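One structure is given below, encoded as structure tokens.
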Amino acid sequence: MGKTREGIMKHELKLKVNGQDYTLLIEPNRTLLEVIREDLGLLGTKLGCGGGECGACTVILNSEAVKSCIMLALDARNQEIWTIEGLGQTGELHPLQRAFVEYGAIQCGYCTSGMIMASKALLDENPQPSEQEIKDALAGNLCRCTGYLKILEAISSVANKMERK
Amino acid sequence: MRSFEFLEPNSVEEACQMLSEHGEDAKILAGGTALVKLIKKKLIHPAYVLNLKSIDTLHFLGTDKGDLKIGALTTLREVEASPLVRKEFQPIVEMVHLIGSQQIRNVGTLAGNICLADPAADPPPLLMALEARLKLVSSKGERVVGVEDFFRGFYETALQPGEILEEIQIPSLSVNSGIVYLKHAMRAAFDLAILGVAVALHLDSRSGVCQDSKIVLGGVITKPVRALKAEDALRGKVINPSSIQEAAKATIEGLEPVTDIRGSRDYRMEMTEVFVQRGIQMAVEWARRGKGS
Amino acid sequence: MAQDVYTVIGKRLPRLESEEKVSGTARYLPDLQIPGTLYGKILRSPYPHARVLRVDTSRAERLPGVRAAVTGNDTKGIRLCTFSRFDNKPPLAEERVRFIGDEVAAVAADSESIAEEALDLIEVDYEELPPVFDPLEAMKPGAVGIHEEGNVAYHRSWMYGDIESALKESDYIFEDQFRTQAQAHCALETHGCIAYFDQTGTLTVWITTQWIHPTRRILSETLGLPYSKVRVITANIGGSFGRSGGIEPIEIIATFLSKKTRRPVRIIHSHDEQFTSGRSRYPVLIDIKTGVKKDGTLLARKVRMVTDNGAYNNFGIAVTLGIGSKCTYLWGVPNVAFDADVVYTNKVYGGAFRGFGNGQITFAIESQMETIARKLGMDMKDLCLKNVNYPGQRTCMGHKITSCGLKECIEQATAAAGWEAKRGKGRNRGIGMASVMHIGAGIRNLYGDCNLSEAFIKMNNDGTIDLASGAMDTGQGSNTVLAQVAAEELGIPMRDINMITGDTSTTPQCLGAWGSREAFIAGNAVKLAAREVRLRLLEEAGKIIKSDPEDLILKDRQIYRKTNLQESVLSIAHVANACYNAGRPLFGRGIYDDPSGLGIDPKTGHGGPVTYSFGTQVAEVEVDPRTGKVKVLNFVAAHDLGKAINPMMAEGQIEGGVIQGLGYALFEDLVMEEGLVLNPNLQDYRIPYVNDIPKIVSILVESQDPEGPYGAKGLGEPPIIPTAAAIANAIYDAVGVRIKTLPITPEKILKALKEKEEESKKK
């Protein structure tokens with residue numbers, strides 16, 4: 001175990017991100033967002049407000065949407081995390097990603113990863129949500145550019161296509 | 001954020017011990033949504049963070065002789081989604097749904113919310129109206145405290161140094177009761193309340209007269225508070241527009257609401273009257289429809 | 001109409017960079033990893049007004065990991081620049097601080113946490129001075145002086161026509177006072193920069209800016225560096241809305257720190273810093289006096305206003321002058337008088353924000369318009385149609401309106417909203433409308449004597465192109481629109497276009513994204529560049545197949561004879577390759593400067609646009625009369641954008657603008673007490689989230705501007721402008737109270753309802 005500059009114990013952190021296993025040695029005061037971005041180089045998840053209020057940092061932790069900027073990285077020990085990079089890449093986009101593209105649900109794009117991950121978590125649990133259920137799932141995600149309507153349309157379009165499990 | 005040591009006790013006893021040892025320098029991590037935010041904003045500077053998540057015995061939700069028991073690590077989401085809570089304690093589900101956002105509820109715990117004691121938080125007024133009890137444990141033993149005695153002031157609770165909230169106990173909802181929690185906020189979701197009103201009415205099954213009630217205001221002063229005058233005004237009376245109005249007016253007598261970024265004192269005063277009125281109205285409708293339990 | 005003639009124009013195409021943005025591979029400033037980067041943090045004044053007696057950074061500099069510190073001594077004499085003689089903000093305080101959050105000193109360190117720790121070690125001796133927070137107080141004689149010249153930063157007074165006669169001639173005169181608040185941009189990405197001197201000694205600054213070329217100019221002139229030694233670059237930008245249409249202290253500070261350390265220095269505003277020390281919309285107090293004839297004809301508009309400038313100059317004067325000229329726009333009032341003071345206060349200073357003052361004045365004009373209509377016993381819609389602006393009309397300044405679809409906007413918006421059926425129906429529900437007339441393509445003389453954009457197109461051997469434009473895409477989609485223009489002209493698909501933007505070293509001149517100018521100005525530049533390439537392509541093709549170039553067209557990467565569209569004669573690639581081999585690779589250059597010739601008007605002090613954009617919005621609300629809470633049920637927004645180059649993106653601009661306008665109307669307020677921002681976070685600074693939005697019906701009215709590319713003109717700003725008035729008017733229709741200050745909170749409505757009830761009891 002290493003120690004930080006101030007003599008704080010570092011901790012081993014094992015986690016699975018986008019299907020890959022990682023073992024890291026990190027300080028306790030690192031957030032999950034910082035570790036995802038800085039240690040794992042997954043820059044698609046964004047730092048917005050840093051206080052869990054805007055949702056730009058949303059990732060999926062064991063099938064639930066969480067705000068990674070207010071979660072200690074060590075709190076995610078041994079858990080499974082999915083970020084936007086784990087969803088799909090250019091050429092092989094997930095239906096949600098494709099819908100965001102086709103419905104014009106993106107403007108500056110800064111909220112996009114968070115919106116997509118929050119809606120992915122919703123659709124995984126509830127493949128045919130009502131309009132209100134979609135809104136409730138996104139209630140903690142801020143978008144300042146789009147006015148939300150096209151985002152809702154994009155998610156609805158995917159929801160209607162998916163079959164009930 | 002500033003650094004701290006991360007401790008992971010494996011049992012409640014160990015957690016209590018560490019807490020005693022480090023006193024004010026230690027903070028508990030259950031869900032962590034509030035904790036991390038407070039450390040980041042430099043409002044608290046713990047030297048030690050005690051992560052309770054390894055203690056499986058704290059993670060439970062079930063009934064015991066009809067009473068609902070919720071462990072310290074049970075998330076708001078688990079409470080909201082629980083078939084048991086939905087069936088037997090529906091008003092709690094509705095209240096929890098008003099808290100924050102999905103992501104916060106997925107991680108944040110009911111216990112954590114209670115211990116933070118934000119004056120505008122949603123759980124405290126309803127839990128007080130339901131006469132919930134809190135089981136607090138420490139190295140010295142355990143005690144059960146009524147929720148009403150737990151909230152002392154602005155982010156201040158009855159937790160003693162070295163104590164952990166282990167369990168929340170909510171008595172079963174009786175038949176012929178009507179229970180409602182209303183939240184008044186500016187935005188449709190995500191907002192902290194300007195004020196919240198919880199009403200639990202217990203009506204006589206034959207006469208419909210109000211035997212007793214608990215009416216609790218949140219976000220009006222620095223802690224949740226019972227509207228005793230309103231309760232007095234309803235006791236033994238038939239609930240009708242006139243008694244409701246009387247109760248609502250009685251509530252604000254002598255009330256000194258705060259002024260803050262969400263609302264002024266005068267507005268809160270008026271809204272208290274409006275929402276107590278609405279709360280009682282809705283609660284009595286529920287009771288009459290037999291939906292109180 | 002001409003709709004089916006176009007291949008790409010008018011199509012609902014996804015924006016160019018969509019796939020990167022949904023995959024998480026799009027890069028923004030905080031994602032950039034430049035080796036050796038140091039992290040900068042700023043020490044800010046805790047006092048609203050104080051003398052700075054001493055700044056000592058020595059202890060901070062001794063903290064392990066701190067590499068340099070800078071103070072006002074290092075940046076002495078520099079004034080932050082909007083190209084104006086009024087610039088007076090030093091990047092770091094020299095002898096005084098003038099608002100809580102004013103930059104005092106800065107450090108660069110190995111990590112953000114070390115930099116933050118170092119700030120606590122900087123010693124500053126302040127001598128507090130009495131502050132003044134209200135502009136009206138600041139204007140009083142004897143008020144404490146914030147700047148050498150006093151507290152009135154600027155005054156302007158002018159008249160077109162004869163206001164007093166017009167008022168005398170009026171049958172009714174309406175006088176109202178309106179007050180608006182400071183609105184924060186709240187773009188999801190905060191403002192930031194990374195500065196370094198590259199291997200050739202060129203100052204390179206990555207900035208979340210919406211105008212790279214003006215910024216380059218400012219940095220060069222401010223720092224005394226040749227333009228060729230300054231490079232401004234952007235990554236993707238997480239929203240802007242005008243916030244980065246200026247130059248910020250951190251850009252100069254990072255440069256100085258980088259110079260001292262010889263390493264890249266990154267400074268990004270923290271979330272609450274952005275609220276407390278970043279820019280916001282100027283709050284104003286407007287007294288508006290309108291004279292009208294009993295048949296509804298507006299004769300006179302007299303506006304007196306005070307702008308709360310904050311502690312330093314930024315765009316306060318320009319916004320105020322802009323508001324002045326906007327008084328001559330909507331409803332074509334023939335006699336207009338304007339008198340304004342721009343006043344310093346010891347609060348964080350404002351900046352440019354989508355609408356640039358038009359939101360404030362339109363709130364006043366359109367709120368009052370409804371009052372006028374009711375007094376005259378006219379329906380507001382009819383009053384508006386009576387005074388509607390029309391193509392060919394001249395404003396009282398003598399500026400000609402070319403394309404104008406305001407009448408269509410009014411008619412279509414009200415029809416879609418069910419105006420007649422819903423108006424005045426009671427039960428606490430109401431419907432209200434408001435319109436906007438705004439500049440449609442920027443103006444000259446705001447940042448230089450011109451209003452230009454330039455584009456270069458290089459066609460590669462395989463027929464794909466590199467398209468370079470100095471225009472900026474901050475999320476509003478200009479890159480896509482420009483690519484559509486090029487794709488249409490050259491008959492190539494969008495995916496064959498390599499967009500080069502956001503770098504002063506690789507793009508030609510453009511004044512950037514502001515004033516809703518890019519579709520028009522940059523679009524025309526791209527069109528001209530593409531035309532040049534097209535003409536040469538067709539010429540060369542004509543030579544190859546021995547045909548008159550006039551008989552040929554470009555489509556789907558191929559060249560066809562007009563007489564036989566089934567069989568292509570040559571591929572574009574073939575011709576491009578042939579040109580290259582002949583030693584003449586295909587290249588096009590387009591320069592466009594707005595041809596209006598309108599310079600700064602000597603009376604108003606502001607320029608005039610080549611074209612105007614129009615719109616009408618209708619809001620339907622429900623008010624809870626016991627709590628004052630407003631729910632916006634439905635919303636219709638009809639906007640004249642000349643021609644929708646990309647209707648899907650145009651709707652996106654409208655929807656986003658309306659929701660920002662809704663926030664401005666009902667929720668948002670940067671609350672300050674004694675100069676301290678009380679709500680520097682998203683919990684307490686309330687922006688609409690997804691559950692707060694109404695259904696919005698967007699109607700695109702295409703008036704086909706004669707000068708705009710394919711008839712297009714600007715849409716970036718108009719959607720946010722009339723929203724507050726539409727909602728205020730709907731509230732009046734619903735519960736009969738007129739709220740004249742923004743935001744319209746439940747408390748204000750409740751108070752007004754009580755007063756109304758007491759008034760009616762007296763009668």
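To be explicit about the labels: the chains of the structure tokens are called A, B, and onward in the order shown, and within each one the residues are counted from 1, while ligands get numbers from 1 in the order they are shown.
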
What are the nearest atom pairs, with distances in Å to one decimal, for all residues of chain C that come at most 7 Å from chain B, using only C-alpha atoms, set out by chain and rising residue number as CSV?
residue,atom,partner,partner_atom,distance
C:Arg626,CA,B:Val274,CA,7.0
C:Thr627,CA,B:Met271,CA,6.6
C:Gln683,CA,B:Asp191,CA,6.7
C:Asn691,CA,B:Ala188,CA,5.6
C:Asp692,CA,B:Ala188,CA,5.6
C:Glu747,CA,B:Tyr267,CA,6.3

Provide as a ChimeraX atom specification the residues of chain A at most 10 Å from chain B, counting only C-alpha atoms.
/A:4,6-11,27-31,50-53,55,58-61,64-72,74-75,118,121-122,135-141

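Near stretch 128-134 of chain A, within a cut-off of 10 Å and counting only C-alpha atoms, sit the residues A:Ala118, A:Ser119, A:Leu122, A:Leu123, A:Asp124, A:Glu125, A:Ala137, A:Leu138, A:Ala139, A:Leu152, A:Glu153, A:Ile155, A:Ser156, A:Val158, A:Ala159, A:Asn160, A:Lys161, A:Met162, A:Glu163, A:Arg164, A:Lys165, C:Val690, C:Asn691, with same-chain residues fewer than 3 positions away left out.
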
Selection to disk with N, CA, C and O atoms, as a JSON list (two decimals), in the first residue's frame:
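File written: out.json
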[["chain", "number", "residue", "atom", "x", "y", "z"],
["A", 118, "ALA", "N", -28.33, 7.67, -18.28],
["A", 118, "ALA", "CA", -29.52, 7.68, -17.42],
["A", 118, "ALA", "C", -30.68, 6.99, -18.13],
["A", 118, "ALA", "O", -31.43, 6.21, -17.52],
["A", 119, "SER", "N", -30.81, 7.24, -19.44],
["A", 119, "SER", "CA", -31.91, 6.60, -20.14],
["A", 119, "SER", "C", -31.64, 5.12, -20.40],
["A", 119, "SER", "O", -32.56, 4.30, -20.41],
["A", 122, "LEU", "N", -32.68, 3.33, -17.38],
["A", 122, "LEU", "CA", -34.14, 3.24, -17.35],
["A", 122, "LEU", "C", -34.63, 2.12, -18.24],
["A", 122, "LEU", "O", -35.41, 1.26, -17.83],
["A", 123, "LEU", "N", -34.20, 2.12, -19.49],
["A", 123, "LEU", "CA", -34.71, 1.15, -20.46],
["A", 123, "LEU", "C", -34.30, -0.27, -20.12],
["A", 123, "LEU", "O", -35.01, -1.22, -20.43],
["A", 124, "ASP", "N", -33.16, -0.42, -19.47],
["A", 124, "ASP", "CA", -32.76, -1.77, -19.05],
["A", 124, "ASP", "C", -33.72, -2.31, -18.01],
["A", 124, "ASP", "O", -34.01, -3.51, -17.96],
["A", 125, "GLU", "N", -34.22, -1.41, -17.17],
["A", 125, "GLU", "CA", -35.10, -1.87, -16.10],
["A", 125, "GLU", "C", -36.56, -1.87, -16.57],
["A", 125, "GLU", "O", -37.35, -2.69, -16.16],
["A", 137, "ALA", "N", -36.88, 9.60, -14.90],
["A", 137, "ALA", "CA", -35.52, 9.04, -14.95],
["A", 137, "ALA", "C", -34.50, 10.12, -15.27],
["A", 137, "ALA", "O", -33.33, 10.02, -14.88],
["A", 138, "LEU", "N", -34.93, 11.16, -16.00],
["A", 138, "LEU", "CA", -34.00, 12.22, -16.40],
["A", 138, "LEU", "C", -34.11, 13.46, -15.52],
["A", 138, "LEU", "O", -33.50, 14.47, -15.81],
["A", 139, "ALA", "N", -34.90, 13.36, -14.45],
["A", 139, "ALA", "CA", -35.19, 14.55, -13.64],
["A", 139, "ALA", "C", -33.95, 15.20, -13.07],
["A", 139, "ALA", "O", -33.96, 16.37, -12.73],
["A", 152, "LEU", "N", -36.32, 13.67, -25.21],
["A", 152, "LEU", "CA", -37.45, 12.80, -24.86],
["A", 152, "LEU", "C", -37.95, 12.03, -26.08],
["A", 152, "LEU", "O", -38.27, 10.85, -25.98],
["A", 153, "GLU", "N", -38.00, 12.71, -27.22],
["A", 153, "GLU", "CA", -38.44, 12.03, -28.45],
["A", 153, "GLU", "C", -37.51, 10.89, -28.79],
["A", 153, "GLU", "O", -37.95, 9.81, -29.18],
["A", 155, "ILE", "N", -35.55, 9.12, -26.84],
["A", 155, "ILE", "CA", -35.68, 7.99, -25.92],
["A", 155, "ILE", "C", -37.00, 7.26, -26.14],
["A", 155, "ILE", "O", -37.03, 6.03, -26.18],
["A", 156, "SER", "N", -38.06, 8.01, -26.34],
["A", 156, "SER", "CA", -39.36, 7.38, -26.62],
["A", 156, "SER", "C", -39.30, 6.50, -27.84],
["A", 156, "SER", "O", -39.89, 5.42, -27.86],
["A", 158, "VAL", "N", -36.88, 4.80, -29.01],
["A", 158, "VAL", "CA", -36.20, 3.54, -28.70],
["A", 158, "VAL", "C", -37.10, 2.69, -27.81],
["A", 158, "VAL", "O", -37.24, 1.49, -28.01],
["A", 159, "ALA", "N", -37.74, 3.35, -26.86],
["A", 159, "ALA", "CA", -38.61, 2.63, -25.93],
["A", 159, "ALA", "C", -39.72, 1.91, -26.66],
["A", 159, "ALA", "O", -40.06, 0.79, -26.36],
["A", 160, "ASN", "N", -40.28, 2.57, -27.63],
["A", 160, "ASN", "CA", -41.39, 1.95, -28.34],
["A", 160, "ASN", "C", -40.96, 0.76, -29.19],
["A", 160, "ASN", "O", -41.75, -0.08, -29.53],
["A", 161, "LYS", "N", -39.69, 0.76, -29.53],
["A", 161, "LYS", "CA", -39.23, -0.35, -30.38],
["A", 161, "LYS", "C", -38.83, -1.57, -29.57],
["A", 161, "LYS", "O", -38.85, -2.68, -30.05],
["A", 162, "MET", "N", -38.44, -1.33, -28.32],
["A", 162, "MET", "CA", -37.95, -2.46, -27.54],
["A", 162, "MET", "C", -39.09, -3.29, -27.00],
["A", 162, "MET", "O", -40.14, -2.78, -26.65],
["A", 163, "GLU", "N", -38.90, -4.58, -26.93],
["A", 163, "GLU", "CA", -39.98, -5.44, -26.45],
["A", 163, "GLU", "C", -39.91, -5.62, -24.95],
["A", 163, "GLU", "O", -38.86, -5.56, -24.35],
["A", 164, "ARG", "N", -41.05, -5.81, -24.39],
["A", 164, "ARG", "CA", -41.12, -6.10, -22.97],
["A", 164, "ARG", "C", -40.42, -7.42, -22.69],
["A", 164, "ARG", "O", -40.63, -8.39, -23.39],
["A", 165, "LYS", "N", -39.61, -7.44, -21.66],
["A", 165, "LYS", "CA", -38.87, -8.70, -21.37],
["A", 165, "LYS", "C", -39.85, -9.72, -20.83],
["A", 165, "LYS", "O", -40.69, -9.37, -20.01],
["C", 690, "VAL", "N", -36.19, 18.74, -16.86],
["C", 690, "VAL", "CA", -37.10, 18.12, -17.82],
["C", 690, "VAL", "C", -38.57, 18.12, -17.40],
["C", 690, "VAL", "O", -39.47, 18.14, -18.25],
["C", 691, "ASN", "N", -38.83, 18.13, -16.11],
["C", 691, "ASN", "CA", -40.23, 18.12, -15.67],
["C", 691, "ASN", "C", -40.87, 19.51, -15.68],
["C", 691, "ASN", "O", -42.05, 19.64, -15.37]]

Interface residues on chain A facing chain C, 6 Å, only C-alpha atoms, written as number ranges by chain
A: 44, 48-49, 84-85, 89-90, 97, 101-102, 104, 107-110, 139, 142, 145-147

Taking only stretch 144-253 of chain B into account, list the residues labelled strand (DSSP E) by DSSP (computed from the backbone), as number ranges by chain.
B: 144-146, 151-153, 156-157, 164-170, 177-184, 195-203, 210-218, 225-226

Determine, counting only C-alpha atoms, which protein, DNA and RNA residues have an atom within 8 Å of an atom of stretch 194-210 of chain C; residues of the same chain fewer than 4 positions away are not included. Present the result as a ChimeraX atom specification.
/C:29,228-235,237,240,242,244-245,251,254-255,258-259,262-267,472-474,512-514

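Between atom CA of C:Lys643 and atom CA of C:Pro706 there is a distance of 10.4 Å.
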
Contacts of C:Ser277 at 8 Å (only C-alpha atoms; same-chain gap of 4+ positions) as a list in words:
Ile100, Gly101, Asp102, Glu273, Val348 and Tyr349 of chain C

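In this model, the gap between atom CA of C:Arg243 and atom CA of A:Cys111 comes to 17.9 Å.
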
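Distance-wise, atom CA of C:Gly430 and atom CA of C:Asn389 end up 26.3 Å apart.
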